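The file upload.txt comes next; it holds compact mmCIF, C-alpha atoms and all ligand atoms.
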```txt
# COMPACT_ATOMS: atom_id res chain seq x y z
CA MET S 2 51.27 30.05 -73.21
CA LYS S 3 53.09 28.25 -70.44
CA VAL S 4 51.46 28.10 -67.03
CA LEU S 5 52.69 27.02 -63.59
CA VAL S 6 50.08 25.76 -61.12
CA LEU S 7 51.08 25.47 -57.44
CA GLY S 8 49.43 22.78 -55.34
CA GLN S 9 48.81 19.07 -55.29
CA GLY S 10 45.16 18.22 -54.63
CA GLY S 11 41.88 17.79 -56.45
CA ARG S 12 41.37 21.53 -56.93
CA GLU S 13 44.75 21.84 -58.65
CA HIS S 14 44.11 18.79 -60.84
CA ALA S 15 40.79 20.38 -61.87
CA ILE S 16 42.68 23.59 -62.79
CA VAL S 17 45.23 21.55 -64.76
CA HIS S 18 42.39 19.68 -66.48
CA ALA S 19 40.71 22.95 -67.53
CA LEU S 20 44.02 24.40 -68.76
CA SER S 21 44.66 21.23 -70.78
CA ARG S 22 41.46 21.97 -72.73
CA SER S 23 42.57 25.55 -73.42
CA PRO S 24 43.68 26.22 -77.00
CA SER S 25 46.00 29.03 -75.83
CA VAL S 26 47.90 26.87 -73.34
CA ARG S 27 50.92 25.08 -74.79
CA GLU S 28 52.59 23.75 -71.64
CA ILE S 29 51.38 23.15 -68.08
CA HIS S 30 53.81 22.84 -65.19
CA VAL S 31 52.80 22.03 -61.65
CA ALA S 32 54.64 22.07 -58.32
CA PRO S 33 54.52 19.67 -56.68
CA GLY S 34 51.42 18.22 -58.38
CA ASN S 35 50.33 14.60 -58.11
CA ASP S 36 50.57 11.49 -60.27
CA GLY S 37 47.06 12.07 -61.62
CA MET S 38 48.21 15.28 -63.30
CA SER S 39 51.25 13.71 -64.94
CA ARG S 40 49.49 13.07 -68.26
CA GLN S 41 48.53 16.72 -68.67
CA ALA S 42 51.36 18.54 -66.90
CA VAL S 43 55.04 18.37 -66.03
CA CYS S 44 55.29 17.83 -62.26
CA HIS S 45 58.23 19.40 -60.39
CA ALA S 46 59.17 18.30 -56.87
CA VAL S 47 59.42 21.87 -55.59
CA SER S 48 57.69 23.24 -52.49
CA TRP S 49 55.92 26.62 -52.57
CA LYS S 50 57.87 27.46 -49.42
CA ASP S 51 61.04 27.82 -51.51
CA THR S 52 60.36 31.08 -53.35
CA ASP S 53 63.78 31.05 -55.06
CA LYS S 54 63.17 27.61 -56.52
CA ILE S 55 59.69 28.66 -57.74
CA LEU S 56 61.29 31.69 -59.41
CA GLN S 57 63.98 29.48 -61.00
CA LEU S 58 61.23 27.17 -62.27
CA CYS S 59 59.46 30.17 -63.83
CA LEU S 60 62.64 31.44 -65.50
CA LYS S 61 63.87 28.08 -66.74
CA ASN S 62 60.51 27.11 -68.23
CA GLU S 63 59.62 30.61 -69.51
CA ILE S 64 56.38 30.55 -67.52
CA ASP S 65 53.88 33.24 -68.59
CA PHE S 66 51.93 33.24 -65.33
CA VAL S 67 51.41 31.31 -62.09
CA ILE S 68 48.15 30.13 -60.50
CA ILE S 69 48.42 29.61 -56.73
CA GLY S 70 45.91 26.91 -55.72
CA PRO S 71 45.85 26.52 -51.90
CA GLU S 72 45.32 29.13 -49.19
CA ASP S 73 48.54 28.56 -47.19
CA PRO S 74 50.97 30.07 -49.74
CA LEU S 75 48.55 32.96 -50.34
CA VAL S 76 48.26 33.73 -46.62
CA ASP S 77 52.06 33.47 -46.42
CA GLY S 78 52.39 36.23 -49.05
CA LEU S 79 53.79 34.16 -51.93
CA ALA S 80 51.79 36.15 -54.51
CA ASP S 81 53.47 39.37 -53.29
CA ARG S 82 56.95 37.82 -53.39
CA LEU S 83 56.44 36.57 -56.95
CA ARG S 84 54.92 39.86 -58.14
CA GLU S 85 57.85 41.79 -56.64
CA ARG S 86 60.07 39.72 -58.94
CA GLY S 87 57.97 40.49 -62.02
CA VAL S 88 55.96 37.26 -62.20
CA LEU S 89 52.28 37.44 -63.19
CA VAL S 90 50.16 35.68 -60.57
CA VAL S 91 46.54 34.63 -60.08
CA GLY S 92 46.03 34.99 -56.33
CA PRO S 93 45.51 37.80 -53.82
CA SER S 94 48.21 39.59 -51.87
CA GLY S 95 48.98 38.32 -48.37
CA HIS S 96 46.88 41.19 -47.01
CA GLY S 97 43.89 40.10 -49.14
CA ALA S 98 44.38 36.46 -48.15
CA ARG S 99 44.03 37.44 -44.48
CA LEU S 100 40.30 37.26 -45.13
CA GLU S 101 40.79 33.50 -45.00
CA GLY S 102 43.92 33.38 -42.84
CA SER S 103 42.28 35.05 -39.84
CA LYS S 104 38.62 34.42 -39.07
CA ILE S 105 38.68 37.32 -36.58
CA TYR S 106 40.09 39.73 -39.18
CA CYS S 107 37.45 38.51 -41.64
CA LYS S 108 34.56 39.02 -39.21
CA ASN S 109 35.76 42.52 -38.34
CA PHE S 110 36.08 43.23 -42.08
CA MET S 111 32.49 42.03 -42.64
CA ALA S 112 31.20 44.15 -39.75
CA GLU S 113 33.02 47.22 -41.08
CA ALA S 114 31.59 46.61 -44.58
CA GLY S 115 28.05 46.15 -43.21
CA ILE S 116 27.84 42.60 -44.60
CA PRO S 117 25.18 40.40 -42.95
CA THR S 118 26.84 37.72 -40.83
CA ALA S 119 26.20 35.83 -37.59
CA ARG S 120 26.65 37.64 -34.26
CA TYR S 121 30.07 36.87 -32.71
CA LYS S 122 32.51 37.46 -29.90
CA VAL S 123 36.29 37.03 -29.92
CA VAL S 124 37.53 34.64 -27.21
CA HIS S 125 40.98 33.55 -26.02
CA THR S 126 40.33 31.46 -22.91
CA VAL S 127 37.98 28.72 -21.71
CA SER S 128 36.46 30.95 -19.03
CA ALA S 129 35.88 33.84 -21.47
CA THR S 130 34.22 31.40 -23.89
CA MET S 131 31.86 30.07 -21.22
CA GLU S 132 31.07 33.59 -20.04
CA ALA S 133 30.37 34.76 -23.60
CA ALA S 134 28.17 31.71 -24.23
CA ARG S 135 25.61 33.20 -21.81
CA SER S 136 24.54 35.63 -24.54
CA PHE S 137 24.25 32.93 -27.24
CA THR S 138 21.82 30.05 -27.70
CA PRO S 139 22.81 26.49 -28.64
CA PRO S 140 24.15 25.15 -30.89
CA TYR S 141 27.29 27.23 -30.36
CA VAL S 142 29.83 27.67 -33.14
CA LEU S 143 33.48 27.90 -32.09
CA LYS S 144 35.85 28.87 -34.92
CA ALA S 145 39.62 28.84 -34.57
CA ASP S 146 41.13 32.07 -35.84
CA GLY S 147 43.87 30.62 -38.05
CA LEU S 148 44.15 28.07 -40.87
CA ALA S 149 43.36 24.65 -39.47
CA ALA S 150 43.02 22.34 -42.52
CA GLY S 151 39.26 21.95 -42.08
CA LYS S 152 39.50 21.17 -38.34
CA GLY S 153 38.90 24.67 -37.00
CA VAL S 154 35.09 24.86 -36.84
CA LEU S 155 33.17 23.14 -34.02
CA ILE S 156 29.37 23.00 -33.83
CA CYS S 157 28.62 22.42 -30.13
CA HIS S 158 25.13 21.37 -29.13
CA THR S 159 25.70 21.68 -25.38
CA LEU S 160 27.75 23.86 -23.03
CA GLU S 161 29.79 20.77 -22.14
CA GLN S 162 30.75 20.25 -25.79
CA LEU S 163 31.63 23.94 -26.02
CA ARG S 164 33.85 23.71 -22.92
CA SER S 165 35.60 20.65 -24.28
CA GLY S 166 36.21 22.40 -27.65
CA ALA S 167 37.56 25.49 -25.88
CA VAL S 168 39.86 23.32 -23.73
CA ASP S 169 41.18 21.67 -26.93
CA PHE S 170 41.83 25.01 -28.63
CA PHE S 171 43.16 27.10 -25.74
CA GLU S 172 44.65 24.68 -23.22
CA LYS S 173 45.62 21.52 -25.11
CA GLN S 174 46.43 23.68 -28.16
CA THR S 175 45.40 20.87 -30.51
CA LEU S 176 45.50 23.29 -33.46
CA GLY S 177 48.74 24.98 -32.39
CA THR S 178 48.78 28.76 -32.86
CA ALA S 179 45.79 28.57 -35.25
CA GLY S 180 43.57 27.96 -32.21
CA THR S 181 44.95 30.33 -29.59
CA SER S 182 42.21 32.84 -30.50
CA ALA S 183 38.74 31.98 -31.70
CA LEU S 184 35.29 33.29 -32.55
CA LEU S 185 32.22 32.25 -30.66
CA GLU S 186 29.37 32.64 -33.12
CA GLN S 187 25.62 32.30 -33.13
CA PHE S 188 24.66 29.25 -35.22
CA THR S 189 22.90 30.28 -38.45
CA PRO S 190 20.15 27.94 -39.66
CA GLY S 191 19.47 27.76 -43.39
CA TRP S 192 20.95 26.18 -46.51
CA GLU S 193 24.46 26.70 -47.81
CA LEU S 194 25.80 27.68 -51.16
CA SER S 195 29.21 28.49 -52.57
CA TYR S 196 29.56 31.69 -54.56
CA LEU S 197 32.88 32.19 -56.32
CA VAL S 198 33.89 35.17 -58.41
CA LEU S 199 37.00 36.18 -60.32
CA THR S 200 37.98 39.68 -59.27
CA ASN S 201 40.64 42.31 -59.88
CA GLY S 202 39.66 44.02 -56.63
CA GLN S 203 37.32 46.48 -58.38
CA ASP S 204 34.95 44.48 -60.56
CA PHE S 205 34.01 40.83 -60.62
CA GLN S 206 32.90 38.07 -62.95
CA ALA S 207 30.67 35.55 -61.19
CA LEU S 208 30.93 31.81 -61.65
CA PRO S 209 27.75 29.72 -61.44
CA ILE S 210 26.53 28.94 -57.93
CA ALA S 211 27.74 25.60 -56.55
CA GLN S 212 26.65 23.53 -53.58
CA ASP S 213 29.03 21.52 -51.44
CA HIS S 214 28.14 18.59 -49.15
CA LYS S 215 30.35 19.13 -46.11
CA ARG S 216 29.28 16.28 -43.82
CA LEU S 217 30.84 12.86 -44.24
CA SER S 218 27.66 10.77 -44.47
CA ASP S 219 24.32 10.71 -46.28
CA HIS S 220 21.51 12.99 -45.02
CA ASP S 221 24.16 15.51 -43.83
CA GLU S 222 25.23 13.35 -40.91
CA GLY S 223 28.66 12.62 -39.46
CA PRO S 224 31.66 14.91 -39.01
CA ASN S 225 32.47 17.93 -41.12
CA THR S 226 34.91 17.34 -43.96
CA GLY S 227 36.61 19.43 -46.64
CA GLY S 228 33.63 18.52 -48.86
CA MET S 229 32.27 15.16 -50.01
CA GLY S 230 30.74 16.30 -53.28
CA THR S 231 29.44 19.25 -55.25
CA VAL S 232 26.93 20.14 -57.93
CA ALA S 233 26.60 23.18 -60.21
CA PRO S 234 24.93 25.23 -61.40
CA LEU S 235 22.44 25.73 -58.61
CA ARG S 236 19.43 27.65 -59.90
CA ILE S 237 18.57 30.46 -57.51
CA SER S 238 16.02 33.24 -57.99
CA PRO S 239 17.19 36.51 -59.57
CA GLU S 240 16.07 38.25 -56.34
CA LEU S 241 18.39 36.13 -54.22
CA GLN S 242 21.27 36.63 -56.66
CA LYS S 243 20.67 40.40 -56.48
CA GLN S 244 20.68 40.33 -52.67
CA ILE S 245 23.92 38.34 -52.59
CA ASP S 246 25.66 40.77 -54.93
CA GLU S 247 24.27 43.93 -53.35
CA LYS S 248 24.53 42.98 -49.67
CA ILE S 249 27.71 40.90 -49.79
CA MET S 250 29.89 40.95 -52.90
CA ILE S 251 29.80 44.67 -53.69
CA PRO S 252 30.34 45.81 -50.04
CA CYS S 253 33.23 43.35 -49.81
CA LEU S 254 34.93 44.80 -52.91
CA ARG S 255 34.28 48.32 -51.69
CA ASN S 256 35.97 47.53 -48.40
CA LEU S 257 38.94 45.90 -50.15
CA GLN S 258 39.38 49.13 -52.12
CA LYS S 259 38.99 51.27 -49.02
CA HIS S 260 41.92 49.40 -47.48
CA GLY S 261 43.96 49.51 -50.71
CA ILE S 262 44.16 45.71 -50.79
CA VAL S 263 45.58 44.19 -53.99
CA TYR S 264 43.28 41.37 -55.03
CA ARG S 265 43.69 39.55 -58.36
CA GLY S 266 42.18 36.15 -57.94
CA VAL S 267 39.19 34.28 -56.62
CA LEU S 268 36.84 35.44 -53.86
CA PHE S 269 34.89 32.49 -52.54
CA MET S 270 31.91 33.36 -50.36
CA GLY S 271 30.55 30.59 -48.15
CA LEU S 272 26.93 31.69 -47.72
CA MET S 273 24.05 30.57 -45.56
CA ILE S 274 20.65 31.41 -46.99
CA THR S 275 18.38 32.15 -44.04
CA ASP S 276 14.75 33.23 -43.74
CA ALA S 277 16.06 36.79 -43.45
CA GLY S 278 18.24 36.54 -46.60
CA PRO S 279 21.88 35.63 -47.29
CA SER S 280 24.35 35.62 -44.40
CA LEU S 281 28.11 35.35 -44.95
CA LEU S 282 29.70 32.43 -43.11
CA GLU S 283 33.26 32.78 -44.37
CA ILE S 284 35.43 34.19 -47.12
CA ASN S 285 38.02 32.04 -48.84
CA CYS S 286 40.77 33.55 -50.94
CA ARG S 287 41.07 30.79 -53.56
CA PHE S 288 39.12 28.32 -55.65
CA GLY S 289 37.00 25.88 -53.60
CA ASP S 290 37.73 22.19 -53.34
CA PRO S 291 35.63 20.38 -54.62
CA GLU S 292 33.71 23.37 -56.09
CA THR S 293 36.41 23.92 -58.75
CA GLN S 294 35.85 20.40 -60.05
CA VAL S 295 32.25 21.30 -61.07
CA LEU S 296 32.69 24.98 -61.96
CA LEU S 297 35.57 24.94 -64.42
CA PRO S 298 33.95 22.43 -66.84
CA LEU S 299 31.05 24.90 -67.20
CA ILE S 300 33.27 27.74 -68.49
CA GLU S 301 33.07 28.06 -72.26
CA ASN S 302 35.88 30.62 -72.67
CA ASP S 303 39.51 29.66 -73.17
CA PHE S 304 40.36 29.15 -69.48
CA GLY S 305 44.06 29.92 -69.97
CA GLN S 306 43.17 33.34 -71.43
CA VAL S 307 40.75 34.02 -68.57
CA MET S 308 43.44 33.26 -66.00
CA LYS S 309 46.22 35.16 -67.79
CA SER S 310 43.96 38.23 -68.05
CA LEU S 311 43.11 37.96 -64.36
CA ALA S 312 46.81 37.86 -63.51
CA THR S 313 47.18 41.20 -65.33
CA GLY S 314 44.12 42.66 -63.57
CA GLN S 315 41.72 42.36 -66.53
CA LEU S 316 38.40 40.53 -66.37
CA VAL S 317 37.19 38.62 -69.42
CA PRO S 318 33.36 38.40 -69.69
CA LEU S 319 32.59 34.77 -68.93
CA LYS S 320 30.34 32.50 -70.98
CA PHE S 321 29.01 29.23 -69.68
CA ARG S 322 28.07 25.97 -71.35
CA PRO S 323 24.38 25.03 -71.03
CA MET S 324 25.11 21.97 -68.94
CA SER S 325 25.53 20.71 -65.37
CA ALA S 326 28.37 19.06 -63.48
CA ALA S 327 28.55 16.84 -60.39
CA CYS S 328 31.48 15.65 -58.30
CA VAL S 329 31.32 12.62 -56.00
CA VAL S 330 34.31 12.45 -53.63
CA MET S 331 35.76 9.03 -52.82
CA ALA S 332 37.66 9.21 -49.53
CA ALA S 333 40.12 6.96 -47.71
CA PRO S 334 39.02 4.89 -44.69
CA GLY S 335 39.44 6.94 -41.52
CA TYR S 336 38.76 10.27 -43.28
CA PRO S 337 38.52 13.01 -42.02
CA SER S 338 40.33 12.42 -38.69
CA ASP S 339 42.88 9.77 -39.67
CA PRO S 340 42.82 8.81 -43.37
CA LYS S 341 44.65 5.63 -44.22
CA LYS S 342 47.40 5.89 -46.82
CA GLY S 343 48.70 3.07 -49.00
CA VAL S 344 45.38 1.26 -49.58
CA LEU S 345 45.38 -0.43 -53.01
CA ILE S 346 42.98 1.17 -55.50
CA HIS S 347 41.19 -1.21 -57.88
CA GLY S 348 40.27 0.25 -61.27
CA ASN S 349 41.82 2.62 -63.77
CA VAL S 350 42.02 6.22 -62.54
CA PHE S 351 42.56 7.37 -66.15
CA ASP S 352 39.31 5.76 -67.36
CA GLU S 353 37.26 8.55 -68.95
CA THR S 354 34.37 9.19 -71.32
CA PRO S 355 33.22 12.50 -72.88
CA SER S 356 30.85 12.92 -69.90
CA SER S 357 32.81 11.48 -66.96
CA TYR S 358 36.33 11.21 -65.59
CA PHE S 359 38.35 11.14 -62.37
CA ILE S 360 40.11 14.10 -60.83
CA VAL S 361 42.93 12.81 -58.63
CA ALA S 362 43.12 14.40 -55.18
CA GLY S 363 45.07 12.10 -52.86
CA ALA S 364 46.29 9.05 -54.79
CA LYS S 365 49.70 8.00 -56.02
CA LYS S 366 51.12 5.52 -58.46
CA GLU S 367 52.89 2.66 -56.73
CA SER S 368 54.01 0.87 -59.86
CA SER S 369 53.32 1.28 -63.59
CA SER S 370 49.83 -0.15 -63.11
CA SER S 371 48.89 0.13 -59.43
CA TRP S 372 47.67 3.13 -57.45
CA VAL S 373 47.25 3.59 -53.70
CA THR S 374 45.48 6.10 -51.46
CA ASN S 375 47.71 8.99 -50.42
CA GLY S 376 45.43 11.47 -48.63
CA GLY S 377 41.94 11.97 -47.19
CA ARG S 378 40.02 12.75 -50.33
CA VAL S 379 41.41 10.32 -52.89
CA LEU S 380 39.47 10.53 -56.16
CA CYS S 381 36.71 12.83 -57.39
CA ALA S 382 34.32 11.16 -59.83
CA ILE S 383 33.10 13.89 -62.20
CA GLY S 384 29.93 13.65 -64.27
CA LEU S 385 28.72 16.12 -66.89
CA GLY S 386 25.25 16.23 -68.43
CA GLY S 387 22.52 18.26 -70.06
CA SER S 388 20.65 18.27 -66.74
CA LEU S 389 21.73 18.03 -63.11
CA LYS S 390 20.25 14.54 -62.89
CA GLU S 391 22.22 13.35 -65.90
CA ALA S 392 25.43 14.86 -64.48
CA ILE S 393 24.87 13.18 -61.11
CA ASP S 394 24.06 9.82 -62.74
CA ASN S 395 27.25 10.08 -64.83
CA ALA S 396 29.31 10.90 -61.74
CA TYR S 397 28.01 7.79 -59.95
CA VAL S 398 28.67 5.62 -63.05
CA GLN S 399 32.25 6.94 -62.99
CA LYS S 400 32.52 6.32 -59.23
CA ALA S 401 31.71 2.64 -59.80
CA LYS S 402 34.88 2.33 -61.92
CA ALA S 403 37.18 2.51 -58.89
CA ASP S 404 37.08 0.92 -55.48
CA TRP S 405 39.22 0.14 -52.42
CA ALA S 406 38.81 -1.43 -49.00
CA GLY S 407 36.90 0.94 -46.73
CA VAL S 408 36.22 3.60 -49.39
CA LEU S 409 33.94 6.38 -48.05
CA VAL S 410 31.40 7.85 -50.49
CA ARG S 411 28.10 9.65 -50.06
CA SER S 412 25.26 8.22 -52.11
CA ASP S 413 23.13 11.38 -52.02
CA ILE S 414 25.23 14.05 -53.73
CA GLY S 415 22.86 16.52 -55.38
CA LYS S 416 19.83 14.47 -54.40
CA LYS S 417 18.06 17.35 -52.66
CA GLN S 418 18.53 19.49 -55.77
CA ILE S 419 16.70 16.85 -57.81
CA THR S 420 13.93 15.91 -55.38
CA SER S 421 13.10 19.31 -53.89
CA PRO S 422 14.95 21.99 -55.89
CA ASN S 423 13.00 24.84 -54.32
CA GLU S 424 14.13 23.94 -50.82
CA HIS S 425 17.80 23.30 -51.69
N1 LIG E 501 34.66 23.24 -50.25
C1 LIG E 501 35.02 24.15 -49.26
C2 LIG E 501 36.35 24.77 -49.42
O1 LIG E 501 37.00 24.68 -50.43
O2 LIG E 501 36.81 25.39 -48.47
```
Would you write the structure of this file as structure tokens?
Amino acid sequence: MKVLVLGQGGREHAIVHALSRSPSVREIHVAPGNDGMSRQAVCHAVSWKDTDKILQLCLKNEIDFVIIGPEDPLVDGLADRLRERGVLVVGPSGHGARLEGSKIYCKNFMAEAGIPTARYKVVHTVSATMEAARSFTPPYVLKADGLAAGKGVLICHTLEQLRSGAVDFFEKQTLGTAGTSALLEQFTPGWELSYLVLTNGQDFQALPIAQDHKRLSDHDEGPNTGGMGTVAPLRISPELQKQIDEKIMIPCLRNLQKHGIVYRGVLFMGLMITDAGPSLLEINCRFGDPETQVLLPLIENDFGQVMKSLATGQLVPLKFRPMSAACVVMAAPGYPSDPKKGVLIHGNVFDETPSSYFIVAGAKKESSSSWVTNGGRVLCAIGLGGSLKEAIDNAYVQKAKADWAGVLVRSDIGKKQITSPNEH
């Protein structure tokens, strides 16, 4: 089979990596891709925004199906445009992707489906936000409605912080149109997990539970990021798994069907586990980054076949390897607000062993032997092992094989899972 992957970050490299281990996959193409993928895939300098060029790429290379990695093309309706032209696609319709594209739409969808989620109010102005805050207790959560590249969620500990966030969104318009409407939400205390399933809109096949580490620094301190590291599988009780499926996943699918929404792709539930049970924080319409980096190595099936079937609306029963995976993100200085590009990377990004390797997220080749930073999250050090501890140790051994001035890395990825697994 020949596959085209759209995207250019760590998630897409992880998809390419999994496809490269698939016996059924003969050729991998990626647009635009990154230099880290160039050993496994043919990279094409084509933007997803140019549907005609993507279609030409599919025709010229006799592509069997396309996997759309990031949320922006999905929200923009690229999956619909490709399907209309007869291309098989992994990725929801634009309507389905609205679950991620509009936080307000998503919350209303959750409320309609009876899915447990934090109390909220829709706000459009600073004064309405401050008025609404009277019925919430701190910390206040202010979420921009639209896609904001990880910058749209503010946790405000005081009313002053809330006012300043609302001024940024509504008056200074720091997020452009993504922030002209927002949700004010009650903060939900608990512990987070990432639950991803493959779905054809009717049924689903669950992937193992993963846990992300969203804050920049050790002990969950510092600003929120796209994710500084992940581990999987997370062992949760069968009761909790049942609650998540019955209270969240199944009502979500039922509501998709009620609205006749075409969904052939990944549903990614960002969950908070509270004293009262699971509460849905957000729905993403694609694979997680860096969740994908630790989930795909656990799949035992031929990944190409699994994806091709999904593109046709069929679900293959998934089997998983009896092992664990960890991902330690290495970020550029200045990440997340102002990551520095062009910093020389010491080490070999292609250095790998059977139990560890790098996934390239934001790095580029400057010459035949030198690489530089080219984004916020630069490299993902991946470790595999028979236990979570072994996987984490292998990831940190891999991490030590690359370095650059000002590199940002957490030293406690997965630590809580090892030291107090029952508390997560
Ligand atoms: N790791 C969180 C996300 O992919 O949105």
Find the spatial neighbours of range 285-302 of chain S, counting only C-alpha atoms, within a cut-off of 8 Å - ignore same-chain residues fewer than 3 positions away - and output them as a PDB file with C-alpha atoms, in the frame of the given file.
```
ATOM      1  CA  GLY S  11      41.880  17.790 -56.450  1.00  0.00           C
ATOM      2  CA  ARG S  12      41.370  21.530 -56.930  1.00  0.00           C
ATOM      3  CA  ALA S  15      40.790  20.380 -61.870  1.00  0.00           C
ATOM      4  CA  ILE S  16      42.680  23.590 -62.790  1.00  0.00           C
ATOM      5  CA  ALA S  19      40.710  22.950 -67.530  1.00  0.00           C
ATOM      6  CA  GLY S  70      45.910  26.910 -55.720  1.00  0.00           C
ATOM      7  CA  PRO S  71      45.850  26.520 -51.900  1.00  0.00           C
ATOM      8  CA  GLU S  72      45.320  29.130 -49.190  1.00  0.00           C
ATOM      9  CA  LEU S  75      48.550  32.960 -50.340  1.00  0.00           C
ATOM     10  CA  GLY S  92      46.030  34.990 -56.330  1.00  0.00           C
ATOM     11  CA  PRO S  93      45.510  37.800 -53.820  1.00  0.00           C
ATOM     12  CA  GLY S  97      43.890  40.100 -49.140  1.00  0.00           C
ATOM     13  CA  ALA S  98      44.380  36.460 -48.150  1.00  0.00           C
ATOM     14  CA  LEU S 100      40.300  37.260 -45.130  1.00  0.00           C
ATOM     15  CA  GLU S 101      40.790  33.500 -45.000  1.00  0.00           C
ATOM     16  CA  SER S 195      29.210  28.490 -52.570  1.00  0.00           C
ATOM     17  CA  LEU S 197      32.880  32.190 -56.320  1.00  0.00           C
ATOM     18  CA  LEU S 208      30.930  31.810 -61.650  1.00  0.00           C
ATOM     19  CA  PRO S 209      27.750  29.720 -61.440  1.00  0.00           C
ATOM     20  CA  ALA S 211      27.740  25.600 -56.550  1.00  0.00           C
ATOM     21  CA  GLN S 212      26.650  23.530 -53.580  1.00  0.00           C
ATOM     22  CA  ASP S 213      29.030  21.520 -51.440  1.00  0.00           C
ATOM     23  CA  GLY S 227      36.610  19.430 -46.640  1.00  0.00           C
ATOM     24  CA  GLY S 228      33.630  18.520 -48.860  1.00  0.00           C
ATOM     25  CA  MET S 229      32.270  15.160 -50.010  1.00  0.00           C
ATOM     26  CA  GLY S 230      30.740  16.300 -53.280  1.00  0.00           C
ATOM     27  CA  THR S 231      29.440  19.250 -55.250  1.00  0.00           C
ATOM     28  CA  VAL S 232      26.930  20.140 -57.930  1.00  0.00           C
ATOM     29  CA  ALA S 233      26.600  23.180 -60.210  1.00  0.00           C
ATOM     30  CA  PRO S 234      24.930  25.230 -61.400  1.00  0.00           C
ATOM     31  CA  GLY S 266      42.180  36.150 -57.940  1.00  0.00           C
ATOM     32  CA  VAL S 267      39.190  34.280 -56.620  1.00  0.00           C
ATOM     33  CA  LEU S 268      36.840  35.440 -53.860  1.00  0.00           C
ATOM     34  CA  PHE S 269      34.890  32.490 -52.540  1.00  0.00           C
ATOM     35  CA  MET S 270      31.910  33.360 -50.360  1.00  0.00           C
ATOM     36  CA  GLY S 271      30.550  30.590 -48.150  1.00  0.00           C
ATOM     37  CA  GLN S 306      43.170  33.340 -71.430  1.00  0.00           C
ATOM     38  CA  VAL S 307      40.750  34.020 -68.570  1.00  0.00           C
ATOM     39  CA  LEU S 319      32.590  34.770 -68.930  1.00  0.00           C
ATOM     40  CA  LYS S 320      30.340  32.500 -70.980  1.00  0.00           C
ATOM     41  CA  PHE S 321      29.010  29.230 -69.680  1.00  0.00           C
ATOM     42  CA  ARG S 322      28.070  25.970 -71.350  1.00  0.00           C
ATOM     43  CA  PRO S 323      24.380  25.030 -71.030  1.00  0.00           C
ATOM     44  CA  MET S 324      25.110  21.970 -68.940  1.00  0.00           C
ATOM     45  CA  SER S 325      25.530  20.710 -65.370  1.00  0.00           C
ATOM     46  CA  ALA S 326      28.370  19.060 -63.480  1.00  0.00           C
ATOM     47  CA  ALA S 327      28.550  16.840 -60.390  1.00  0.00           C
ATOM     48  CA  CYS S 328      31.480  15.650 -58.300  1.00  0.00           C
ATOM     49  CA  ILE S 360      40.110  14.100 -60.830  1.00  0.00           C
ATOM     50  CA  ILE S 383      33.100  13.890 -62.200  1.00  0.00           C
TER      51      ILE S 383
END
```
Between atom O1 of ligand LIG 501 (chain E) and CA of Asp81 in chain S - distance in Å to one decimal: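 Computing the Euclidean distance for CA of Asp81 in chain S and atom O1 of ligand LIG 501 (chain E) yields 22.3 Å.
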Would you mind listing what lies within 9 Å of range 251-254 of chain S as number ranges by chain, with only C-alpha atoms counted and same-chain residues fewer than 6 positions away left out? S: 110-111, 114-116, 200, 202-205, 245
Polymer residues at most 7 Å from Cys381 in chain S, all atoms listed in the file, same-chain spacing of 3 or more positions, as a list in words: Cys328, Val329, Val330, Met331, Phe359, Ile360, Val361 and Ala362 of chain S
Hey, can you spit out that residue selection with C-alpha atoms as an mmCIF file, in the frame of the given file?
```cif
data_model
loop_
_atom_site.group_PDB
_atom_site.id
_atom_site.type_symbol
_atom_site.label_atom_id
_atom_site.label_comp_id
_atom_site.auth_asym_id
_atom_site.auth_seq_id
_atom_site.Cartn_x
_atom_site.Cartn_y
_atom_site.Cartn_z
ATOM 1 C CA CYS S 328 31.480 15.650 -58.300
ATOM 2 C CA VAL S 329 31.320 12.620 -56.000
ATOM 3 C CA VAL S 330 34.310 12.450 -53.630
ATOM 4 C CA MET S 331 35.760 9.030 -52.820
ATOM 5 C CA PHE S 359 38.350 11.140 -62.370
ATOM 6 C CA ILE S 360 40.110 14.100 -60.830
ATOM 7 C CA VAL S 361 42.930 12.810 -58.630
ATOM 8 C CA ALA S 362 43.120 14.400 -55.180
#
```
Option closest in space to ligand LIG 501 (chain E), from S:Ser165, S:Thr226, S:Ser94, S:Gln258 [counting only C-alpha atoms and all ligand atoms]: S:Thr226
Would you mind listing what lies within 8 Å of Lys309 in chain S as a count of residues only, with only C-alpha atoms counted and same-chain residues fewer than 6 positions away left out? 4
Contact residues around Ser39 in chain S with all atoms listed in the file at 12 Å, ignoring same-chain residues under 5 positions, as a PyMOL selection string: chain S and resi 9+14+17-18+21+29-34+44-45+351+360-361+365-366
